[in-house]
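The data block below is protein-v2.txt; it holds compact mmCIF, C-alpha atoms and all ligand atoms.
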# COMPACT_ATOMS: atom_id res chain seq x y z
CA MET A 1 0.00 0.00 0.00
CA THR A 2 1.38 3.41 -0.90
CA ALA A 3 0.72 6.25 1.46
CA ARG A 4 -0.52 9.44 -0.16
CA THR A 5 1.72 12.44 0.32
CA ARG A 6 0.76 14.53 3.33
CA ARG A 7 1.98 18.02 4.15
CA VAL A 8 2.07 19.58 7.59
CA PRO A 9 3.13 23.22 8.10
CA ALA A 10 5.57 23.74 10.95
CA SER A 11 6.80 27.05 12.27
CA VAL A 12 8.22 28.72 15.33
CA PRO A 13 6.42 32.06 15.73
CA ALA A 14 9.31 33.57 17.67
CA ASP A 15 11.55 32.81 14.71
CA ALA A 16 10.41 35.11 11.89
CA GLY A 17 10.33 33.52 8.45
CA SER A 18 10.72 30.08 9.92
CA GLU A 19 7.64 28.49 8.33
CA TYR A 20 8.43 25.27 6.52
CA GLU A 21 6.66 22.10 5.49
CA VAL A 22 7.03 18.56 6.73
CA VAL A 23 6.22 16.43 3.67
CA ILE A 24 5.24 12.85 4.53
CA GLY A 25 4.91 9.95 2.10
CA SER A 26 6.21 6.50 1.26
CA ASN A 27 8.29 7.01 -1.86
CA LEU A 28 9.73 10.45 -1.34
CA LEU A 29 13.38 9.48 -1.38
CA ALA A 30 13.17 8.34 -4.98
CA GLU A 31 11.95 11.83 -5.88
CA ALA A 32 14.09 13.62 -3.30
CA ALA A 33 16.48 15.28 -5.76
CA GLU A 34 13.54 16.80 -7.62
CA ARG A 35 11.63 17.73 -4.47
CA LEU A 36 14.69 19.39 -2.95
CA GLN A 37 15.60 21.49 -6.01
CA PRO A 38 13.68 24.60 -4.87
CA PHE A 39 15.80 24.57 -1.70
CA MET A 40 19.21 23.98 -3.25
CA GLY A 41 21.74 26.72 -4.09
CA THR A 42 24.60 26.92 -6.55
CA GLY A 43 27.29 25.89 -4.03
CA PRO A 44 28.30 22.45 -2.78
CA VAL A 45 25.72 20.38 -0.88
CA PHE A 46 26.93 18.63 2.27
CA VAL A 47 25.08 15.37 2.87
CA VAL A 48 25.44 14.43 6.55
CA SER A 49 24.65 10.85 7.43
CA ASP A 50 25.81 7.92 9.54
CA ALA A 51 27.51 4.92 7.98
CA ILE A 52 24.43 2.65 8.22
CA VAL A 53 21.99 5.11 6.68
CA HIS A 54 24.53 6.29 4.13
CA ALA A 55 25.03 2.70 2.92
CA LEU A 56 21.26 2.24 2.60
CA TYR A 57 20.11 5.54 1.13
CA GLY A 58 23.08 7.90 0.63
CA GLU A 59 24.17 6.81 -2.81
CA ALA A 60 20.74 7.12 -4.42
CA LEU A 61 20.19 10.58 -2.96
CA VAL A 62 23.62 11.85 -3.98
CA THR A 63 23.34 10.37 -7.48
CA GLY A 64 19.95 11.99 -7.98
CA LEU A 65 21.20 15.36 -6.76
CA GLY A 66 24.29 15.04 -8.96
CA GLU A 67 22.07 14.44 -12.00
CA ALA A 68 20.11 17.55 -11.08
CA GLY A 69 23.37 19.52 -11.12
CA ASN A 70 24.13 19.68 -7.40
CA GLU A 71 27.72 18.98 -6.43
CA CYS A 72 27.52 16.80 -3.29
CA VAL A 73 30.06 16.13 -0.57
CA ASN A 74 29.35 13.19 1.77
CA LEU A 75 30.05 13.77 5.45
CA VAL A 76 29.59 10.36 7.08
CA MET A 77 29.91 9.64 10.81
CA GLU A 78 29.93 6.48 12.91
CA PRO A 79 26.37 5.51 13.86
CA GLY A 80 25.14 6.29 17.36
CA GLU A 81 24.94 8.99 20.02
CA GLY A 82 28.72 8.82 20.50
CA SER A 83 29.10 10.82 17.28
CA LYS A 84 27.09 13.78 18.60
CA ARG A 85 30.27 15.56 19.73
CA ARG A 86 31.99 18.89 19.07
CA ALA A 87 35.01 17.07 17.64
CA VAL A 88 32.82 15.45 14.96
CA VAL A 89 31.16 18.76 14.07
CA GLY A 90 34.59 20.40 14.06
CA ASP A 91 35.91 17.86 11.55
CA MET A 92 32.84 18.37 9.38
CA GLN A 93 33.20 22.16 9.51
CA ASP A 94 36.83 21.83 8.41
CA MET A 95 35.93 19.41 5.61
CA ALA A 96 33.07 21.62 4.41
CA ILE A 97 35.30 24.71 4.31
CA ALA A 98 38.05 22.78 2.52
CA ALA A 99 35.45 21.62 -0.02
CA GLY A 100 34.50 25.22 -0.78
CA ALA A 101 31.50 25.91 1.46
CA ASP A 102 29.97 29.28 0.66
CA ARG A 103 26.68 31.05 1.29
CA ASP A 104 25.11 29.15 -1.63
CA SER A 105 25.97 25.84 0.02
CA ARG A 106 23.31 23.69 1.62
CA VAL A 107 23.34 20.95 4.28
CA ILE A 108 21.17 17.84 4.04
CA ALA A 109 20.58 15.73 7.17
CA LEU A 110 19.98 12.13 6.08
CA GLY A 111 19.32 9.77 8.99
CA GLY A 112 17.96 9.58 12.50
CA GLY A 113 18.11 12.19 15.22
CA VAL A 114 21.88 11.97 15.59
CA PRO A 115 22.77 12.99 12.01
CA GLY A 116 19.81 15.40 12.21
CA ASP A 117 21.06 17.25 15.30
CA LEU A 118 24.63 17.28 14.01
CA ALA A 119 23.76 18.41 10.48
CA GLY A 120 21.50 21.15 11.82
CA TYR A 121 24.26 22.41 14.07
CA LEU A 122 26.75 22.28 11.21
CA ALA A 123 24.34 24.35 9.09
CA ALA A 124 23.73 26.80 11.96
CA THR A 125 27.44 27.43 12.46
CA LEU A 126 28.91 27.29 8.93
CA LEU A 127 29.42 30.89 7.75
CA ARG A 128 27.11 31.98 10.61
CA GLY A 129 24.28 29.90 9.25
CA ILE A 130 23.37 28.40 5.87
CA PRO A 131 20.06 26.78 4.85
CA TRP A 132 19.51 23.08 5.48
CA VAL A 133 16.92 20.39 4.86
CA GLN A 134 16.07 17.28 6.81
CA VAL A 135 15.48 13.80 5.42
CA PRO A 136 14.70 11.83 8.61
CA THR A 137 14.93 8.04 8.40
CA SER A 138 14.04 6.99 11.97
CA LEU A 139 10.54 7.22 13.43
CA LEU A 140 11.92 9.27 16.32
CA ALA A 141 13.47 11.81 13.97
CA MET A 142 10.22 12.03 11.96
CA VAL A 143 7.87 12.55 14.93
CA ASP A 144 10.16 14.54 17.22
CA SER A 145 13.30 16.09 15.68
CA SER A 146 11.52 17.33 12.56
CA VAL A 147 9.71 20.13 14.42
CA GLY A 148 11.15 22.79 16.70
CA GLY A 149 14.52 23.52 15.13
CA LYS A 150 16.66 22.24 17.98
CA THR A 151 20.16 21.29 16.82
CA GLY A 152 23.32 20.52 18.74
CA VAL A 153 25.75 18.13 20.34
CA ASP A 154 26.47 16.47 23.69
CA THR A 155 29.40 17.18 26.01
CA ALA A 156 30.94 15.15 28.83
CA ALA A 157 28.68 17.10 31.21
CA GLY A 158 25.45 16.00 29.53
CA LYS A 159 23.29 15.63 26.44
CA ASN A 160 22.39 18.49 24.10
CA LEU A 161 24.24 21.11 26.16
CA ILE A 162 25.73 22.90 23.13
CA GLY A 163 23.52 23.89 20.23
CA ALA A 164 21.39 26.37 18.39
CA PHE A 165 17.83 26.82 17.20
CA TRP A 166 18.03 26.63 13.42
CA GLN A 167 14.95 25.83 11.37
CA PRO A 168 15.22 23.64 8.26
CA GLN A 169 13.79 24.78 4.90
CA VAL A 170 11.80 21.60 4.43
CA VAL A 171 11.54 18.09 5.91
CA LEU A 172 11.02 15.04 3.69
CA ALA A 173 9.79 12.16 5.85
CA ASP A 174 9.73 9.02 3.71
CA VAL A 175 8.09 6.31 5.83
CA GLY A 176 9.33 3.76 3.28
CA THR A 177 12.78 4.15 4.85
CA LEU A 178 11.37 2.77 8.11
CA ASP A 179 11.30 -0.69 6.45
CA THR A 180 14.98 -1.08 7.27
CA LEU A 181 14.83 0.48 10.74
CA PRO A 182 15.63 -2.17 13.40
CA ASP A 183 12.60 -3.27 15.48
CA ALA A 184 14.00 -1.81 18.71
CA GLU A 185 14.53 1.59 17.06
CA LEU A 186 10.98 1.55 15.70
CA ALA A 187 9.68 0.76 19.20
CA ALA A 188 11.76 3.60 20.68
CA GLY A 189 10.10 6.00 18.23
CA LEU A 190 6.68 4.61 19.14
CA ALA A 191 7.30 5.59 22.78
CA GLU A 192 7.24 9.26 21.71
CA VAL A 193 4.15 8.59 19.59
CA ILE A 194 2.41 7.11 22.65
CA LYS A 195 3.52 10.19 24.63
CA TYR A 196 1.68 12.49 22.20
CA GLY A 197 -1.43 10.36 22.68
CA VAL A 198 -1.21 10.37 26.48
CA THR A 199 -0.62 14.10 26.80
CA LEU A 200 -2.35 15.78 23.91
CA GLU A 201 -4.63 13.53 21.87
CA GLU A 202 -6.73 10.88 23.56
CA GLN A 203 -8.00 9.76 20.14
CA LEU A 204 -4.46 8.95 19.00
CA PHE A 205 -3.94 6.84 22.12
CA SER A 206 -7.17 4.90 21.60
CA ASP A 207 -6.48 4.45 17.88
CA LEU A 208 -3.10 2.96 18.81
CA GLU A 209 -4.87 0.68 21.31
CA ASP A 210 -7.38 -0.30 18.62
CA GLY A 211 -4.69 -1.70 16.34
CA LEU A 212 -2.90 1.29 14.85
CA LEU A 213 0.10 0.29 16.98
CA GLU A 214 0.28 -3.16 15.39
CA SER A 215 -0.09 -1.66 11.90
CA CYS A 216 2.92 0.53 12.67
CA LEU A 217 4.88 -2.45 14.00
CA ALA A 218 4.01 -4.24 10.74
CA ARG A 219 5.27 -1.11 8.94
CA VAL A 220 2.11 -0.51 6.95
CA PRO A 221 3.03 2.71 5.07
CA GLU A 222 -0.41 4.32 5.40
CA ALA A 223 -0.43 3.70 9.18
CA LEU A 224 3.08 5.08 9.63
CA ALA A 225 2.35 8.13 7.48
CA LEU A 226 -0.84 8.81 9.46
CA VAL A 227 0.99 8.55 12.77
CA VAL A 228 3.84 10.81 11.61
CA GLU A 229 1.33 13.37 10.29
CA ARG A 230 -0.63 13.42 13.55
CA CYS A 231 2.48 13.67 15.74
CA VAL A 232 4.06 16.40 13.60
CA SER A 233 0.78 18.37 13.72
CA ILE A 234 0.57 17.97 17.49
CA LYS A 235 4.18 19.04 18.06
CA ALA A 236 3.88 21.95 15.63
CA ALA A 237 0.80 23.19 17.52
CA VAL A 238 2.58 22.92 20.88
CA VAL A 239 5.67 24.73 19.60
CA ALA A 240 3.43 27.47 18.14
CA GLU A 241 1.50 27.80 21.41
CA ASP A 242 4.77 28.09 23.32
CA ALA A 243 5.26 31.57 21.89
CA ARG A 244 1.95 32.71 23.39
CA GLU A 245 1.76 30.51 26.47
CA ALA A 246 5.14 30.38 28.13
CA ASN A 247 6.49 26.91 28.79
CA ARG A 248 3.77 25.07 26.88
CA ARG A 249 6.58 22.94 25.44
CA GLN A 250 7.02 21.45 28.91
CA VAL A 251 4.10 19.11 28.18
CA LEU A 252 6.37 17.30 25.72
CA ASN A 253 8.57 16.34 28.68
CA TYR A 254 5.93 13.93 29.95
CA GLY A 255 7.76 10.80 31.17
CA HIS A 256 11.11 12.49 30.62
CA THR A 257 12.09 13.33 34.25
CA VAL A 258 12.27 9.65 35.12
CA ALA A 259 13.55 8.80 31.64
CA HIS A 260 16.60 11.01 32.16
CA GLY A 261 17.19 9.41 35.56
CA VAL A 262 16.99 5.95 33.98
CA GLU A 263 19.36 6.97 31.17
CA VAL A 264 21.92 8.38 33.63
CA ALA A 265 21.63 5.42 36.03
CA ALA A 266 22.00 2.94 33.16
CA SER A 267 24.90 4.95 31.65
CA TYR A 268 22.85 5.46 28.46
CA THR A 269 22.70 1.72 27.70
CA LEU A 270 18.93 1.94 27.22
CA ARG A 271 17.46 3.67 24.21
CA HIS A 272 15.88 7.05 24.99
CA GLY A 273 12.44 5.76 23.96
CA GLU A 274 12.78 2.73 26.26
CA ALA A 275 13.57 5.04 29.17
CA VAL A 276 10.60 7.24 28.18
CA ALA A 277 8.27 4.22 28.33
CA ILE A 278 9.36 3.50 31.92
CA GLY A 279 9.04 7.21 32.74
CA MET A 280 5.54 7.51 31.24
CA VAL A 281 4.24 4.67 33.41
CA ALA A 282 5.83 6.18 36.54
CA ALA A 283 4.35 9.61 35.71
CA ALA A 284 0.94 8.00 35.21
CA ARG A 285 1.12 6.40 38.65
CA LEU A 286 2.04 9.78 40.12
CA SER A 287 -0.94 11.28 38.26
CA GLU A 288 -3.21 8.65 39.78
CA GLU A 289 -1.85 9.28 43.31
CA ARG A 290 -1.65 13.04 43.13
CA LEU A 291 -4.54 14.06 40.94
CA GLY A 292 -6.89 11.12 41.26
CA ALA A 293 -6.47 10.38 37.55
CA ALA A 294 -8.39 7.30 36.34
CA PRO A 295 -7.03 4.19 38.08
CA ASP A 296 -6.37 2.44 34.77
CA LEU A 297 -4.21 5.25 33.34
CA ALA A 298 -0.86 3.66 34.20
CA GLU A 299 -2.11 0.19 33.31
CA ARG A 300 -3.29 1.24 29.83
CA ILE A 301 -0.02 3.05 29.10
CA ALA A 302 2.01 0.09 30.37
CA SER A 303 -0.02 -2.34 28.32
CA LEU A 304 0.35 -0.32 25.09
CA CYS A 305 4.11 0.16 25.65
CA ALA A 306 4.49 -3.57 26.32
CA ARG A 307 2.65 -4.33 23.04
CA ALA A 308 5.25 -2.15 21.29
CA GLY A 309 8.01 -4.22 22.90
CA LEU A 310 9.03 -1.42 25.27
CA PRO A 311 10.06 -1.93 28.92
CA VAL A 312 7.66 -0.53 31.52
CA ASP A 313 9.53 -1.32 34.74
CA LEU A 314 13.12 -0.72 35.76
CA PRO A 315 15.31 -3.42 34.23
CA PRO A 316 17.01 -5.86 36.63
CA GLY A 317 20.20 -4.39 38.02
CA LEU A 318 18.89 -0.82 38.00
CA SER A 319 17.96 0.27 41.52
CA VAL A 320 15.25 2.77 42.39
CA ASP A 321 17.83 4.81 44.32
CA ALA A 322 20.19 5.03 41.35
CA VAL A 323 17.36 6.28 39.13
CA VAL A 324 16.21 8.85 41.68
CA ASP A 325 19.83 10.05 41.97
CA GLY A 326 19.97 10.23 38.18
CA THR A 327 16.89 12.46 38.03
CA LEU A 328 18.50 14.84 40.53
CA HIS A 329 21.50 15.18 38.22
CA ASP A 330 19.28 16.36 35.41
CA LYS A 331 20.14 19.90 34.30
CA LYS A 332 16.51 20.93 34.61
CA SER A 333 16.37 20.03 38.32
CA ARG A 334 19.57 21.68 39.51
CA ASP A 335 17.82 23.44 42.36
CA GLY A 336 17.18 19.97 43.76
CA GLN A 337 13.44 20.25 43.11
CA LEU A 338 12.14 17.40 40.99
CA ARG A 339 9.32 18.30 38.64
CA CYS A 340 7.12 15.98 36.60
CA VAL A 341 4.50 16.60 33.93
CA LEU A 342 1.29 14.90 35.11
CA VAL A 343 -1.97 14.19 33.31
CA GLN A 344 -5.49 14.55 34.63
CA GLU A 345 -6.71 12.13 31.98
CA PHE A 346 -5.66 11.07 28.48
CA GLY A 347 -5.04 14.18 26.41
CA ALA A 348 -5.19 16.54 29.39
CA VAL A 349 -1.94 17.66 30.98
CA SER A 350 -2.53 19.09 34.44
CA PRO A 351 -1.37 22.70 34.99
CA HIS A 352 0.18 23.70 38.31
CA GLU A 353 0.68 27.31 39.44
CA GLY A 354 1.24 28.63 35.94
CA ASN A 355 3.45 25.71 34.97
CA TRP A 356 2.90 22.45 33.14
CA SER A 357 4.86 20.41 35.67
CA HIS A 358 4.35 19.59 39.34
CA PRO A 359 6.97 19.51 42.10
CA VAL A 360 7.48 15.92 43.20
CA THR A 361 9.33 14.58 46.23
CA VAL A 362 12.10 12.01 46.06
CA GLN A 363 9.95 9.73 48.25
CA GLU A 364 6.99 9.91 45.87
CA LEU A 365 9.19 9.13 42.91
CA ALA A 366 10.87 6.22 44.69
CA ARG A 367 7.46 4.80 45.61
CA VAL A 368 6.05 4.78 42.08
CA LEU A 369 9.31 3.42 40.65
CA GLY A 370 9.31 0.58 43.17
CA HIS A 371 5.86 -0.51 42.03
CA GLN A 372 6.02 -3.40 39.53
CA THR A 373 3.60 -3.47 36.62
CA SER A 374 1.43 -6.51 35.96
CA THR A 375 2.28 -6.40 32.24
CA THR A 376 5.99 -7.03 32.98
CA GLY A 377 7.47 -10.09 31.39
CA ARG A 378 5.60 -9.98 28.12
N1 LIG B 401 16.32 18.03 17.62
C1 LIG B 401 15.29 17.56 18.28
O1 LIG B 401 14.27 18.21 18.45
C2 LIG B 401 15.36 16.16 18.80
C3 LIG B 401 14.19 15.55 19.27
C4 LIG B 401 14.28 14.25 19.74
C5 LIG B 401 15.49 13.59 19.73
N2 LIG B 401 16.61 14.21 19.27
C6 LIG B 401 17.90 13.52 19.25
O2 LIG B 401 17.80 12.42 18.38
C7 LIG B 401 18.74 11.43 18.74
C8 LIG B 401 18.08 10.08 18.70
O3 LIG B 401 17.55 9.86 17.40
P1 LIG B 401 17.48 8.41 16.77
O4 LIG B 401 16.86 7.48 17.72
O5 LIG B 401 16.92 8.55 15.42
O6 LIG B 401 19.04 8.01 16.76
P2 LIG B 401 20.06 7.64 15.59
O7 LIG B 401 20.15 8.71 14.60
O8 LIG B 401 21.32 7.23 16.28
O9 LIG B 401 19.39 6.36 14.91
C9 LIG B 401 19.27 5.16 15.65
C10 LIG B 401 19.89 3.99 14.88
O10 LIG B 401 19.04 3.69 13.77
C11 LIG B 401 19.80 3.64 12.58
N3 LIG B 401 18.92 4.05 11.50
C12 LIG B 401 18.31 5.26 11.32
N4 LIG B 401 17.48 5.21 10.28
C13 LIG B 401 17.57 3.96 9.76
C14 LIG B 401 16.91 3.29 8.69
N5 LIG B 401 15.97 3.88 7.96
N6 LIG B 401 17.26 2.01 8.44
C15 LIG B 401 18.18 1.36 9.22
N7 LIG B 401 18.80 1.94 10.26
C16 LIG B 401 18.48 3.22 10.52
C17 LIG B 401 20.98 4.53 12.81
O11 LIG B 401 22.06 4.17 12.00
C18 LIG B 401 21.27 4.27 14.30
O12 LIG B 401 22.05 3.12 14.42
C19 LIG B 401 19.25 11.82 20.11
O13 LIG B 401 20.55 12.33 19.99
C20 LIG B 401 18.31 12.93 20.56
O14 LIG B 401 18.93 13.86 21.41
C21 LIG B 401 16.56 15.48 18.80
ZN ZN B 402 12.09 12.22 24.16

As structure tokens, please, write out the structure in this file.
Amino acid sequence: MTARTRRVPASVPADAGSEYEVVIGSNLLAEAAERLQPFMGTGPVFVVSDAIVHALYGEALVTGLGEAGNECVNLVMEPGEGSKRRAVVGDMQDMAIAAGADRDSRVIALGGGVPGDLAGYLAATLLRGIPWVQVPTSLLAMVDSSVGGKTGVDTAAGKNLIGAFWQPQVVLADVGTLDTLPDAELAAGLAEVIKYGVTLEEQLFSDLEDGLLESCLARVPEALALVVERCVSIKAAVVAEDAREANRRQVLNYGHTVAHGVEVAASYTLRHGEAVAIGMVAAARLSEERLGAAPDLAERIASLCARAGLPVDLPPGLSVDAVVDGTLHDKKSRDGQLRCVLVQEFGAVSPHEGNWSHPVTVQELARVLGHQTSTTGR
């Protein structure tokens, strides 16, 4: 089944002239050179990718662009978060300048969130900023990194500490590329999809429960395209609201306080989406305790995450104390006050004193993390 092409406008109101389109379909890469022409310049095009994605899709893209008259330079990194470093960007900046980067150059991000964040940061810093486009190939990059314009790298002190807001000119999300995405990476992306359902669109959550999740796991193009379109629309609306309603973006951190604690405690051996699944269930239990949210909230989230193949409890060997310590190391809780986004019900994040997160005690967090879920072991 071929998914029809969908287009979602995305913009950051605070960033004048930042409006761009996220184009979603199932055979876009084959037409990428043509689709990208309006955004190309006369200078060299730097195609940033990791070795896995480059081997799968790089050649076809570069050949097509070459035929359209664009001189391409491949900048290929090792796959994985370990490449999101200043040294890697520095090497790419040097290579781009040596290859004749000028203001008519363009950067193309081809890959998951790692090449995406790195390519965006390269584009933001080369000659004080040149235009770039995104061709995301992981579900996470399609539903999360494609909107908001966050780019950057990690440092020894933490993730995403160095970076810039730099909006792409266009995003081409070809869900056909998800055919080759490993199962665990697809599941990690689905954790963020589930998060949008829990926090902002009850209907998305129930559609996932009613089988949309399994259609995504089976990589049905129409199902994947629908999910990407809905998530991109939701995130674009939240980012747009953020300009009017300060901190609205906080809602997107649902499940992420605990997730960061899990990632730190496990020394980043879990995927981000896996940690988010554990964090979403913990935040749902807190929502039940604190706000009297429906008693099946945590159970329904846990059950859907388990169906996606995501963990919902702390893995063996990871202690509650280590995770709580990890959350306290998070840069957003430096004052020692833990905060969590909580939901009143599906699709309804609970405000608290002008904020979208609630202060939470270490004891409360430890209690909900210590609670085992009945869906464990699936
Ligand atoms: N900028 C933002 O707004 C934003 C939002 C969310 C996450 N992120 C960042 O995104 C990163 C995580 O993204 P990710 O999970 O995509 O990581 P990733 O880019 O490392 O991709 C995960 C793995 O999947 C492989 N892969 C990607 N597409 C593939 C395909 N089509 N076929 C086969 N293999 C494929 C990659 O080679 C890699 O091994 C993190 O660094 C995170 O900070 C950024
Ligand atoms: Zn996340």

Best match for closeness to Trp356 (chain A) among A:Leu36, A:Ala246, A:Val312, A:Val53, counting only C-alpha atoms: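 Of A:Leu36, A:Ala246, A:Val312, A:Val53, the one nearest Trp356 (chain A) is A:Ala246, counting only C-alpha atoms.
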
Nearest candidate to ligand LIG 401 (chain B) (options A:Pro9, A:Pro79, A:Gly255, A:Gly120; using all atoms listed in the file): A:Pro79

Within-7 Å residues of ligand LIG 401 (chain B), basis only C-alpha atoms and all ligand atoms, as a PyMOL selection string: chain A and resi 50-53+79-81+84+111-117+137-141+144-151+159-160+177-182+185+189

Radius query 6 Å about (30.7, 19.0, 23.2), atoms used: all atoms listed in the file, as a list in words: Arg85, Arg86, Val153, Asp154 and Thr155 of chain A

Nearest to Ser287 (chain A) by atom-to-atom distance, counting all atoms listed in the file, from A:Gly273, A:Gly66, A:Pro351, A:Pro13: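 Of A:Gly273, A:Gly66, A:Pro351, A:Pro13, the one nearest Ser287 (chain A), counting all atoms listed in the file, is A:Pro351.
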
May I ask you to write as a PDB file with C-alpha atoms, in the frame of the given file all residues lying at most 10 Å from ligand ZN 402 (chain B), with only C-alpha atoms and all ligand atoms counted?
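Now in out_18.pdb:
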ATOM      1  CA  LEU A 140      11.920   9.270  16.320  1.00  0.00           C
ATOM      2  CA  ASP A 144      10.160  14.540  17.220  1.00  0.00           C
ATOM      3  CA  SER A 145      13.300  16.090  15.680  1.00  0.00           C
ATOM      4  CA  ALA A 188      11.760   3.600  20.680  1.00  0.00           C
ATOM      5  CA  GLY A 189      10.100   6.000  18.230  1.00  0.00           C
ATOM      6  CA  ALA A 191       7.300   5.590  22.780  1.00  0.00           C
ATOM      7  CA  GLU A 192       7.240   9.260  21.710  1.00  0.00           C
ATOM      8  CA  VAL A 193       4.150   8.590  19.590  1.00  0.00           C
ATOM      9  CA  LYS A 195       3.520  10.190  24.630  1.00  0.00           C
ATOM     10  CA  LEU A 252       6.370  17.300  25.720  1.00  0.00           C
ATOM     11  CA  ASN A 253       8.570  16.340  28.680  1.00  0.00           C
ATOM     12  CA  TYR A 254       5.930  13.930  29.950  1.00  0.00           C
ATOM     13  CA  GLY A 255       7.760  10.800  31.170  1.00  0.00           C
ATOM     14  CA  HIS A 256      11.110  12.490  30.620  1.00  0.00           C
ATOM     15  CA  ALA A 259      13.550   8.800  31.640  1.00  0.00           C
ATOM     16  CA  HIS A 260      16.600  11.010  32.160  1.00  0.00           C
ATOM     17  CA  HIS A 272      15.880   7.050  24.990  1.00  0.00           C
ATOM     18  CA  GLY A 273      12.440   5.760  23.960  1.00  0.00           C
ATOM     19  CA  GLU A 274      12.780   2.730  26.260  1.00  0.00           C
ATOM     20  CA  ALA A 275      13.570   5.040  29.170  1.00  0.00           C
ATOM     21  CA  VAL A 276      10.600   7.240  28.180  1.00  0.00           C
ATOM     22  CA  ALA A 277       8.270   4.220  28.330  1.00  0.00           C
TER      23      ALA A 277
END

So that I can see what lies close to Gln344 (chain A), please list as a compact mmCIF listing (two decimals) with C-alpha atoms, in the coordinates of the input the residues with an atom at most 7 Å from it, counting only C-alpha atoms and leaving out residues fewer than 2 positions away in the same chain.
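Saved the output as out-v8.txt:
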# COMPACT_ATOMS: atom_id res chain seq x y z
CA SER A 287 -0.94 11.28 38.26
CA LEU A 291 -4.54 14.06 40.94
CA ALA A 293 -6.47 10.38 37.55
CA LEU A 342 1.29 14.90 35.11
CA ALA A 348 -5.19 16.54 29.39
CA VAL A 349 -1.94 17.66 30.98
CA SER A 350 -2.53 19.09 34.44
